[in-house]
$ cat input22.txt   # compact mmCIF, N, CA and C atoms
# COMPACT_ATOMS: atom_id res chain seq x y z
N LEU A 1 46.55 118.59 52.94
CA LEU A 1 46.71 119.11 51.59
C LEU A 1 47.48 120.42 51.63
N ALA A 2 48.26 120.65 50.61
CA ALA A 2 49.01 121.91 50.48
C ALA A 2 48.26 122.79 49.49
N TRP A 3 47.57 123.79 49.99
CA TRP A 3 46.76 124.67 49.17
C TRP A 3 47.62 125.76 48.55
N VAL A 4 47.41 126.00 47.26
CA VAL A 4 48.16 127.01 46.51
C VAL A 4 47.18 128.08 46.03
N PRO A 5 47.46 129.35 46.32
CA PRO A 5 46.56 130.40 45.86
C PRO A 5 46.44 130.40 44.34
N ALA A 6 45.22 130.52 43.85
CA ALA A 6 44.97 130.59 42.40
C ALA A 6 44.49 132.01 42.08
N ILE A 7 43.24 132.15 41.66
CA ILE A 7 42.69 133.48 41.37
C ILE A 7 41.31 133.62 41.99
N HIS A 8 40.85 134.85 42.06
CA HIS A 8 39.49 135.16 42.53
C HIS A 8 39.18 134.57 43.90
N GLY A 9 40.14 134.60 44.82
CA GLY A 9 39.89 134.10 46.17
C GLY A 9 39.76 132.60 46.25
N HIS A 10 40.39 131.89 45.35
CA HIS A 10 40.34 130.43 45.34
C HIS A 10 41.74 129.86 45.52
N GLU A 11 41.79 128.63 46.04
CA GLU A 11 43.04 127.90 46.20
C GLU A 11 42.86 126.51 45.63
N LEU A 12 43.94 125.93 45.14
CA LEU A 12 43.92 124.59 44.57
C LEU A 12 44.91 123.69 45.31
N ALA A 13 44.60 122.40 45.32
CA ALA A 13 45.50 121.41 45.92
C ALA A 13 45.25 120.07 45.23
N LEU A 14 46.28 119.24 45.23
CA LEU A 14 46.13 117.87 44.75
C LEU A 14 45.88 116.96 45.93
N ASP A 15 44.85 116.15 45.82
CA ASP A 15 44.52 115.14 46.81
C ASP A 15 44.74 113.81 46.12
N GLY A 16 45.93 113.26 46.26
CA GLY A 16 46.30 112.09 45.46
C GLY A 16 46.52 112.57 44.04
N THR A 17 45.66 112.13 43.14
CA THR A 17 45.73 112.63 41.76
C THR A 17 44.52 113.50 41.43
N ASN A 18 43.67 113.77 42.41
CA ASN A 18 42.47 114.58 42.20
C ASN A 18 42.72 116.03 42.57
N LEU A 19 42.28 116.93 41.72
CA LEU A 19 42.41 118.36 41.97
C LEU A 19 41.24 118.82 42.82
N ARG A 20 41.53 119.54 43.87
CA ARG A 20 40.51 120.08 44.79
C ARG A 20 40.60 121.60 44.77
N CYS A 21 39.47 122.23 45.02
CA CYS A 21 39.41 123.69 45.04
C CYS A 21 38.67 124.14 46.29
N ARG A 22 39.14 125.24 46.86
CA ARG A 22 38.44 125.83 47.99
C ARG A 22 38.55 127.35 47.88
N LYS A 23 37.60 127.99 48.54
CA LYS A 23 37.68 129.44 48.64
C LYS A 23 38.68 129.77 49.74
N THR A 24 39.20 130.97 49.72
CA THR A 24 40.21 131.33 50.72
C THR A 24 39.63 131.34 52.13
N ASN A 25 38.30 131.32 52.27
CA ASN A 25 37.69 131.23 53.60
C ASN A 25 37.63 129.80 54.11
N GLY A 26 38.13 128.84 53.30
CA GLY A 26 38.19 127.44 53.72
C GLY A 26 37.08 126.56 53.18
N GLN A 27 36.07 127.15 52.54
CA GLN A 27 34.95 126.38 52.00
C GLN A 27 35.42 125.57 50.79
N ILE A 28 35.33 124.25 50.90
CA ILE A 28 35.74 123.36 49.80
C ILE A 28 34.60 123.28 48.79
N LEU A 29 34.94 123.43 47.53
CA LEU A 29 33.95 123.41 46.47
C LEU A 29 33.84 122.01 45.86
N LYS A 30 32.63 121.69 45.38
CA LYS A 30 32.43 120.38 44.76
C LYS A 30 32.99 120.32 43.35
N SER A 31 33.12 121.48 42.72
CA SER A 31 33.70 121.53 41.38
C SER A 31 34.64 122.74 41.30
N ILE A 32 35.42 122.76 40.25
CA ILE A 32 36.40 123.84 40.08
C ILE A 32 35.87 124.82 39.04
N PRO A 33 35.70 126.07 39.43
CA PRO A 33 35.22 127.07 38.45
C PRO A 33 36.16 127.14 37.24
N GLY A 34 35.57 127.38 36.08
CA GLY A 34 36.35 127.42 34.84
C GLY A 34 37.49 128.42 34.88
N ALA A 35 37.24 129.60 35.43
CA ALA A 35 38.29 130.63 35.49
C ALA A 35 39.46 130.17 36.34
N VAL A 36 39.17 129.44 37.41
CA VAL A 36 40.23 128.93 38.28
C VAL A 36 40.99 127.83 37.56
N ARG A 37 40.28 126.97 36.87
CA ARG A 37 40.92 125.87 36.12
C ARG A 37 41.82 126.42 35.01
N ARG A 38 41.40 127.52 34.38
CA ARG A 38 42.18 128.11 33.27
C ARG A 38 43.27 129.06 33.74
N SER A 39 43.33 129.32 35.05
CA SER A 39 44.37 130.21 35.58
C SER A 39 45.74 129.56 35.42
N PRO A 40 46.82 130.35 35.51
CA PRO A 40 48.16 129.75 35.41
C PRO A 40 48.39 128.63 36.43
N VAL A 41 47.92 128.82 37.65
CA VAL A 41 48.08 127.77 38.66
C VAL A 41 47.24 126.54 38.29
N GLY A 42 46.03 126.77 37.79
CA GLY A 42 45.18 125.66 37.36
C GLY A 42 45.80 124.87 36.23
N GLU A 43 46.42 125.58 35.28
CA GLU A 43 47.08 124.89 34.17
C GLU A 43 48.31 124.12 34.65
N GLN A 44 49.03 124.66 35.63
CA GLN A 44 50.18 123.93 36.18
C GLN A 44 49.72 122.65 36.87
N PHE A 45 48.62 122.74 37.62
CA PHE A 45 48.09 121.55 38.29
C PHE A 45 47.61 120.53 37.25
N ALA A 46 47.00 120.99 36.16
CA ALA A 46 46.54 120.07 35.11
C ALA A 46 47.72 119.34 34.50
N ALA A 47 48.82 120.05 34.27
CA ALA A 47 50.03 119.42 33.73
C ALA A 47 50.59 118.40 34.72
N LEU A 48 50.57 118.75 36.00
CA LEU A 48 51.05 117.82 37.02
C LEU A 48 50.17 116.58 37.09
N GLN A 49 48.85 116.78 36.99
CA GLN A 49 47.94 115.63 36.99
C GLN A 49 48.25 114.69 35.82
N GLU A 50 48.50 115.25 34.64
CA GLU A 50 48.82 114.44 33.47
C GLU A 50 50.11 113.66 33.70
N GLN A 51 51.09 114.33 34.28
CA GLN A 51 52.38 113.67 34.54
C GLN A 51 52.20 112.53 35.54
N LEU A 52 51.40 112.76 36.59
CA LEU A 52 51.15 111.70 37.58
C LEU A 52 50.40 110.53 36.95
N ALA A 53 49.45 110.81 36.07
CA ALA A 53 48.70 109.75 35.40
C ALA A 53 49.63 108.92 34.51
N ARG A 54 50.55 109.59 33.79
CA ARG A 54 51.52 108.85 32.97
C ARG A 54 52.42 107.99 33.84
N HIS A 55 52.86 108.55 34.97
CA HIS A 55 53.73 107.80 35.88
C HIS A 55 53.02 106.55 36.39
N GLU A 56 51.78 106.68 36.81
CA GLU A 56 51.04 105.52 37.32
C GLU A 56 50.84 104.47 36.23
N LYS A 57 50.60 104.93 35.00
CA LYS A 57 50.44 104.00 33.88
C LYS A 57 51.75 103.25 33.63
N GLU A 58 52.87 103.95 33.70
CA GLU A 58 54.17 103.30 33.51
C GLU A 58 54.46 102.31 34.63
N CYS A 59 54.11 102.67 35.86
CA CYS A 59 54.30 101.74 36.99
C CYS A 59 53.50 100.47 36.77
N ARG A 60 52.23 100.64 36.39
CA ARG A 60 51.35 99.49 36.16
C ARG A 60 51.91 98.60 35.05
N ALA A 61 52.35 99.20 33.94
CA ALA A 61 52.87 98.42 32.82
C ALA A 61 54.14 97.67 33.22
N THR A 62 54.99 98.30 34.01
CA THR A 62 56.23 97.64 34.44
C THR A 62 55.93 96.46 35.35
N VAL A 63 55.06 96.65 36.32
CA VAL A 63 54.71 95.55 37.24
C VAL A 63 54.05 94.42 36.46
N GLU A 64 53.17 94.75 35.53
CA GLU A 64 52.53 93.71 34.71
C GLU A 64 53.57 92.93 33.91
N SER A 65 54.57 93.63 33.39
CA SER A 65 55.61 92.92 32.62
C SER A 65 56.41 91.99 33.53
N TRP A 66 56.67 92.42 34.76
CA TRP A 66 57.37 91.55 35.70
C TRP A 66 56.55 90.28 35.94
N LEU A 67 55.25 90.45 36.13
CA LEU A 67 54.39 89.30 36.41
C LEU A 67 54.28 88.38 35.21
N LEU A 68 54.08 88.94 34.04
CA LEU A 68 53.89 88.12 32.84
C LEU A 68 55.16 87.38 32.43
N CYS A 69 56.30 87.99 32.70
CA CYS A 69 57.58 87.35 32.33
C CYS A 69 58.13 86.48 33.45
N GLY A 70 57.53 86.54 34.62
CA GLY A 70 58.01 85.75 35.74
C GLY A 70 59.39 86.17 36.21
N ILE A 71 59.69 87.45 36.06
CA ILE A 71 61.00 87.97 36.44
C ILE A 71 61.07 88.12 37.95
N PRO A 72 62.09 87.53 38.60
CA PRO A 72 62.25 87.77 40.03
C PRO A 72 62.68 89.23 40.25
N VAL A 73 62.04 89.88 41.20
CA VAL A 73 62.33 91.29 41.48
C VAL A 73 63.11 91.38 42.78
N PRO A 74 64.32 91.95 42.73
CA PRO A 74 65.12 92.06 43.95
C PRO A 74 64.42 92.93 45.00
N THR A 75 64.54 92.52 46.25
CA THR A 75 63.90 93.30 47.31
C THR A 75 64.52 94.68 47.42
N GLY A 76 65.77 94.84 47.03
CA GLY A 76 66.40 96.17 47.04
C GLY A 76 65.68 97.12 46.09
N LEU A 77 65.25 96.60 44.95
CA LEU A 77 64.49 97.42 44.01
C LEU A 77 63.13 97.79 44.61
N LEU A 78 62.47 96.82 45.22
CA LEU A 78 61.19 97.10 45.87
C LEU A 78 61.34 98.18 46.93
N ALA A 79 62.42 98.11 47.69
CA ALA A 79 62.65 99.11 48.74
C ALA A 79 62.82 100.50 48.16
N ARG A 80 63.45 100.59 46.99
CA ARG A 80 63.67 101.91 46.39
C ARG A 80 62.39 102.51 45.83
N VAL A 81 61.49 101.70 45.28
CA VAL A 81 60.28 102.24 44.66
C VAL A 81 59.10 102.29 45.62
N TRP A 82 59.14 101.56 46.73
CA TRP A 82 58.01 101.46 47.66
C TRP A 82 57.50 102.82 48.18
N PRO A 83 58.36 103.80 48.49
CA PRO A 83 57.84 105.07 49.00
C PRO A 83 56.96 105.82 47.99
N ASP A 84 57.10 105.53 46.72
CA ASP A 84 56.33 106.20 45.68
C ASP A 84 54.92 105.59 45.63
N PRO A 85 53.87 106.41 45.83
CA PRO A 85 52.50 105.87 45.82
C PRO A 85 52.12 105.19 44.52
N GLY A 86 52.65 105.66 43.39
CA GLY A 86 52.35 105.02 42.11
C GLY A 86 52.82 103.58 42.05
N TRP A 87 54.00 103.34 42.57
CA TRP A 87 54.53 101.98 42.63
C TRP A 87 53.84 101.17 43.72
N ARG A 88 53.71 101.77 44.90
CA ARG A 88 53.17 101.03 46.05
C ARG A 88 51.75 100.53 45.75
N THR A 89 50.94 101.34 45.07
CA THR A 89 49.59 100.93 44.74
C THR A 89 49.58 99.69 43.86
N ARG A 90 50.53 99.62 42.93
CA ARG A 90 50.59 98.48 42.01
C ARG A 90 51.20 97.24 42.64
N LEU A 91 52.06 97.42 43.64
CA LEU A 91 52.77 96.29 44.25
C LEU A 91 52.06 95.71 45.46
N ARG A 92 51.33 96.53 46.19
CA ARG A 92 50.69 96.06 47.43
C ARG A 92 49.72 94.92 47.11
N HIS A 93 49.75 93.92 47.95
CA HIS A 93 48.89 92.74 47.90
C HIS A 93 49.25 91.75 46.80
N LEU A 94 50.42 91.93 46.17
CA LEU A 94 50.87 90.91 45.24
C LEU A 94 51.35 89.69 46.02
N VAL A 95 51.22 88.54 45.44
CA VAL A 95 51.72 87.32 46.06
C VAL A 95 53.23 87.28 45.86
N VAL A 96 53.95 87.10 46.96
CA VAL A 96 55.41 87.05 46.90
C VAL A 96 55.90 85.79 47.60
N ARG A 97 57.10 85.40 47.20
CA ARG A 97 57.75 84.24 47.83
C ARG A 97 59.11 84.70 48.32
N VAL A 98 59.30 84.61 49.63
CA VAL A 98 60.54 85.04 50.26
C VAL A 98 61.00 83.95 51.21
N ASP A 99 62.23 83.51 51.04
CA ASP A 99 62.82 82.49 51.91
C ASP A 99 61.92 81.26 52.05
N GLY A 100 61.33 80.83 50.93
CA GLY A 100 60.51 79.63 50.95
C GLY A 100 59.10 79.83 51.47
N ARG A 101 58.77 81.04 51.87
CA ARG A 101 57.41 81.34 52.38
C ARG A 101 56.66 82.19 51.36
N THR A 102 55.37 81.93 51.24
CA THR A 102 54.53 82.67 50.31
C THR A 102 53.54 83.51 51.10
N GLY A 103 53.33 84.75 50.64
CA GLY A 103 52.38 85.64 51.31
C GLY A 103 52.06 86.84 50.44
N LEU A 104 51.30 87.75 51.01
CA LEU A 104 50.95 88.97 50.30
C LEU A 104 51.92 90.08 50.68
N LEU A 105 52.31 90.86 49.70
CA LEU A 105 53.21 91.98 49.95
C LEU A 105 52.42 93.11 50.58
N GLU A 106 52.77 93.45 51.80
CA GLU A 106 52.08 94.51 52.52
C GLU A 106 52.98 95.71 52.78
N LYS A 107 54.26 95.45 52.95
CA LYS A 107 55.18 96.52 53.33
C LYS A 107 56.59 96.13 52.93
N VAL A 108 57.37 97.14 52.57
CA VAL A 108 58.79 96.93 52.26
C VAL A 108 59.58 97.97 53.05
N SER A 109 60.51 97.50 53.84
CA SER A 109 61.33 98.42 54.64
C SER A 109 62.41 99.05 53.76
N ALA A 110 63.02 100.09 54.25
CA ALA A 110 64.10 100.77 53.51
C ALA A 110 65.27 99.82 53.25
N GLU A 111 65.41 98.79 54.10
CA GLU A 111 66.48 97.81 53.93
C GLU A 111 66.08 96.68 52.97
N GLY A 112 64.84 96.69 52.48
CA GLY A 112 64.40 95.66 51.55
C GLY A 112 63.74 94.47 52.21
N ARG A 113 63.37 94.59 53.46
CA ARG A 113 62.64 93.50 54.12
C ARG A 113 61.17 93.58 53.75
N VAL A 114 60.63 92.44 53.32
CA VAL A 114 59.21 92.40 52.91
C VAL A 114 58.41 91.59 53.90

$ encode --input "input22.txt" --output "structure tokens"
Amino acid sequence: LAWVPAIHGHELALDGTNLRCRKTNGQILKSIPGAVRRSPVGEQFAALQEQLARHEKECRATVESWLLCGIPVPTGLLARVWPDPGWRTRLRHLVVRVDGRTGLLEKVSAEGRV
């Protein structure tokens, strides 16, 4: 995690989409104090969390539309979005058909190999 100094001897970090807080001595807290949450850094992290949640929702809606419409998805497109956790979470374990073989999507290389 990349810890960012906040206020009152506290630091914040995003763990996936979850906000984490620790004291500068390294002690991780179970909850985020209100003053830390309302600090400028806390508000920036809250905005980032909202943006990440919107992104994941858009990824989910797009993948669902592909499935419902039966649209073939080029492997080049999969290769471009695969590094993004929001896309990868929605795409992993989908049933795919490649070169006449059917299987679960586990990995996509940068070259588009699935």

$ residues_around --input "input22.txt" --residues "range 42-46 of chain A" --least-positions-apart "6" --cutoff "8 Å" --atoms "only C-alpha atoms" --output "PyMOL selection string"
chain A and resi 6+12+14+19+36

$ residues_near_point --input "input22.txt" --point "(38.8, 132.5, 48.0)" --cutoff "5 Å" --atoms "all atoms listed in the file" --output "list in words"
His8, Gly9, His10, Lys23, Thr24 and Asn25 of chain A

$ atom_distance --input "input22.txt" --atom1 "CA of Gly76 in chain A" --atom2 "atom C of Ala110 in chain A"
7.3 Å

$ closest_residue --input "input22.txt" --among "A:Val63, A:Pro40, A:Ile71, A:Trp3" --to "Arg22 in chain A" --atoms "only C-alpha atoms"
A:Trp3

$ residues_around --input "input22.txt" --residues "range 104-109 of chain A" --least-positions-apart "5" --cutoff "7 Å" --atoms "only C-alpha atoms" --output "ChimeraX atom specification"
/A:78-79,82,92-96,114

$ atom_distance --input "input22.txt" --atom1 "CA of Pro85 in chain A" --atom2 "CA of Arg113 in chain A"
18.0 Å

$ closest_residue --input "input22.txt" --among "A:Val41, A:Ala53, A:Cys59, A:Leu29" --to "Pro5 in chain A" --atoms "all atoms listed in the file"
A:Val41

$ atom_distance --input "input22.txt" --atom1 "CA of Gln49 in chain A" --atom2 "atom C of Thr17 in chain A"
6.0 Å

$ select_by_dssp --input "input22.txt" --residues "range 14-69 of chain A" --states "strand (DSSP E)" --output "ChimeraX atom specification"
/A:14-15,18-23,28-29

$ write_last_selection --input "input22.txt" --atoms "N, CA and C atoms" --output "short mmCIF file (atom, residue, chain, number, x, y, z; two decimals), keeping the file's coordinate frame"
data_model
loop_
_atom_site.label_atom_id
_atom_site.label_comp_id
_atom_site.auth_asym_id
_atom_site.auth_seq_id
_atom_site.Cartn_x
_atom_site.Cartn_y
_atom_site.Cartn_z
N LEU A 14 46.28 119.24 45.23
CA LEU A 14 46.13 117.87 44.75
C LEU A 14 45.88 116.96 45.93
N ASP A 15 44.85 116.15 45.82
CA ASP A 15 44.52 115.14 46.81
C ASP A 15 44.74 113.81 46.12
N ASN A 18 43.67 113.77 42.41
CA ASN A 18 42.47 114.58 42.20
C ASN A 18 42.72 116.03 42.57
N LEU A 19 42.28 116.93 41.72
CA LEU A 19 42.41 118.36 41.97
C LEU A 19 41.24 118.82 42.82
N ARG A 20 41.53 119.54 43.87
CA ARG A 20 40.51 120.08 44.79
C ARG A 20 40.60 121.60 44.77
N CYS A 21 39.47 122.23 45.02
CA CYS A 21 39.41 123.69 45.04
C CYS A 21 38.67 124.14 46.29
N ARG A 22 39.14 125.24 46.86
CA ARG A 22 38.44 125.83 47.99
C ARG A 22 38.55 127.35 47.88
N LYS A 23 37.60 127.99 48.54
CA LYS A 23 37.68 129.44 48.64
C LYS A 23 38.68 129.77 49.74
N ILE A 28 35.33 124.25 50.90
CA ILE A 28 35.74 123.36 49.80
C ILE A 28 34.60 123.28 48.79
N LEU A 29 34.94 123.43 47.53
CA LEU A 29 33.95 123.41 46.47
C LEU A 29 33.84 122.01 45.86
#

$ closest_residue --input "input22.txt" --among "A:Asp15, A:Thr102, A:Leu1, A:Gly86" --to "Leu52 in chain A" --atoms "only N, CA and C atoms"
A:Gly86

$ axis_aligned_box --input "input22.txt" --around "range 63-74 of chain A" --padding-each-side "5 Å" --output "lines of an AutoDock Vina configuration file"
center_x = 58.8
center_y = 91.2
center_z = 38.7
size_x = 22.6
size_y = 20.9
size_z = 22.7

$ select_by_dssp --input "input22.txt" --residues "chain A" --states "helix (DSSP H, G or I)" --output "short mmCIF file (atom, residue, chain, number, x, y, z; two decimals) with N, CA and C atoms, in the frame of the given file"
data_model
loop_
_atom_site.label_atom_id
_atom_site.label_comp_id
_atom_site.auth_asym_id
_atom_site.auth_seq_id
_atom_site.Cartn_x
_atom_site.Cartn_y
_atom_site.Cartn_z
N GLY A 34 35.57 127.38 36.08
CA GLY A 34 36.35 127.42 34.84
C GLY A 34 37.49 128.42 34.88
N ALA A 35 37.24 129.60 35.43
CA ALA A 35 38.29 130.63 35.49
C ALA A 35 39.46 130.17 36.34
N VAL A 36 39.17 129.44 37.41
CA VAL A 36 40.23 128.93 38.28
C VAL A 36 40.99 127.83 37.56
N ARG A 37 40.28 126.97 36.87
CA ARG A 37 40.92 125.87 36.12
C ARG A 37 41.82 126.42 35.01
N PRO A 40 46.82 130.35 35.51
CA PRO A 40 48.16 129.75 35.41
C PRO A 40 48.39 128.63 36.43
N VAL A 41 47.92 128.82 37.65
CA VAL A 41 48.08 127.77 38.66
C VAL A 41 47.24 126.54 38.29
N GLY A 42 46.03 126.77 37.79
CA GLY A 42 45.18 125.66 37.36
C GLY A 42 45.80 124.87 36.23
N GLU A 43 46.42 125.58 35.28
CA GLU A 43 47.08 124.89 34.17
C GLU A 43 48.31 124.12 34.65
N GLN A 44 49.03 124.66 35.63
CA GLN A 44 50.18 123.93 36.18
C GLN A 44 49.72 122.65 36.87
N PHE A 45 48.62 122.74 37.62
CA PHE A 45 48.09 121.55 38.29
C PHE A 45 47.61 120.53 37.25
N ALA A 46 47.00 120.99 36.16
CA ALA A 46 46.54 120.07 35.11
C ALA A 46 47.72 119.34 34.50
N ALA A 47 48.82 120.05 34.27
CA ALA A 47 50.03 119.42 33.73
C ALA A 47 50.59 118.40 34.72
N LEU A 48 50.57 118.75 36.00
CA LEU A 48 51.05 117.82 37.02
C LEU A 48 50.17 116.58 37.09
N GLN A 49 48.85 116.78 36.99
CA GLN A 49 47.94 115.63 36.99
C GLN A 49 48.25 114.69 35.82
N GLU A 50 48.50 115.25 34.64
CA GLU A 50 48.82 114.44 33.47
C GLU A 50 50.11 113.66 33.70
N GLN A 51 51.09 114.33 34.28
CA GLN A 51 52.38 113.67 34.54
C GLN A 51 52.20 112.53 35.54
N LEU A 52 51.40 112.76 36.59
CA LEU A 52 51.15 111.70 37.58
C LEU A 52 50.40 110.53 36.95
N ALA A 53 49.45 110.81 36.07
CA ALA A 53 48.70 109.75 35.40
C ALA A 53 49.63 108.92 34.51
N ARG A 54 50.55 109.59 33.79
CA ARG A 54 51.52 108.85 32.97
C ARG A 54 52.42 107.99 33.84
N HIS A 55 52.86 108.55 34.97
CA HIS A 55 53.73 107.80 35.88
C HIS A 55 53.02 106.55 36.39
N GLU A 56 51.78 106.68 36.81
CA GLU A 56 51.04 105.52 37.32
C GLU A 56 50.84 104.47 36.23
N LYS A 57 50.60 104.93 35.00
CA LYS A 57 50.44 104.00 33.88
C LYS A 57 51.75 103.25 33.63
N GLU A 58 52.87 103.95 33.70
CA GLU A 58 54.17 103.30 33.51
C GLU A 58 54.46 102.31 34.63
N CYS A 59 54.11 102.67 35.86
CA CYS A 59 54.30 101.74 36.99
C CYS A 59 53.50 100.47 36.77
N ARG A 60 52.23 100.64 36.39
CA ARG A 60 51.35 99.49 36.16
C ARG A 60 51.91 98.60 35.05
N ALA A 61 52.35 99.20 33.94
CA ALA A 61 52.87 98.42 32.82
C ALA A 61 54.14 97.67 33.22
N THR A 62 54.99 98.30 34.01
CA THR A 62 56.23 97.64 34.44
C THR A 62 55.93 96.46 35.35
N VAL A 63 55.06 96.65 36.32
CA VAL A 63 54.71 95.55 37.24
C VAL A 63 54.05 94.42 36.46
N GLU A 64 53.17 94.75 35.53
CA GLU A 64 52.53 93.71 34.71
C GLU A 64 53.57 92.93 33.91
N SER A 65 54.57 93.63 33.39
CA SER A 65 55.61 92.92 32.62
C SER A 65 56.41 91.99 33.53
N TRP A 66 56.67 92.42 34.76
CA TRP A 66 57.37 91.55 35.70
C TRP A 66 56.55 90.28 35.94
N LEU A 67 55.25 90.45 36.13
CA LEU A 67 54.39 89.30 36.41
C LEU A 67 54.28 88.38 35.21
N LEU A 68 54.08 88.94 34.04
CA LEU A 68 53.89 88.12 32.84
C LEU A 68 55.16 87.38 32.43
N CYS A 69 56.30 87.99 32.70
CA CYS A 69 57.58 87.35 32.33
C CYS A 69 58.13 86.48 33.45
N THR A 75 64.54 92.52 46.25
CA THR A 75 63.90 93.30 47.31
C THR A 75 64.52 94.68 47.42
N GLY A 76 65.77 94.84 47.03
CA GLY A 76 66.40 96.17 47.04
C GLY A 76 65.68 97.12 46.09
N LEU A 77 65.25 96.60 44.95
CA LEU A 77 64.49 97.42 44.01
C LEU A 77 63.13 97.79 44.61
N LEU A 78 62.47 96.82 45.22
CA LEU A 78 61.19 97.10 45.87
C LEU A 78 61.34 98.18 46.93
N ALA A 79 62.42 98.11 47.69
CA ALA A 79 62.65 99.11 48.74
C ALA A 79 62.82 100.50 48.16
N ARG A 80 63.45 100.59 46.99
CA ARG A 80 63.67 101.91 46.39
C ARG A 80 62.39 102.51 45.83
N VAL A 81 61.49 101.70 45.28
CA VAL A 81 60.28 102.24 44.66
C VAL A 81 59.10 102.29 45.62
N PRO A 85 53.87 106.41 45.83
CA PRO A 85 52.50 105.87 45.82
C PRO A 85 52.12 105.19 44.52
N GLY A 86 52.65 105.66 43.39
CA GLY A 86 52.35 105.02 42.11
C GLY A 86 52.82 103.58 42.05
N TRP A 87 54.00 103.34 42.57
CA TRP A 87 54.53 101.98 42.63
C TRP A 87 53.84 101.17 43.72
N ARG A 88 53.71 101.77 44.90
CA ARG A 88 53.17 101.03 46.05
C ARG A 88 51.75 100.53 45.75
N THR A 89 50.94 101.34 45.07
CA THR A 89 49.59 100.93 44.74
C THR A 89 49.58 99.69 43.86
N ARG A 90 50.53 99.62 42.93
CA ARG A 90 50.59 98.48 42.01
C ARG A 90 51.20 97.24 42.64
N LEU A 91 52.06 97.42 43.64
CA LEU A 91 52.77 96.29 44.25
C LEU A 91 52.06 95.71 45.46
#
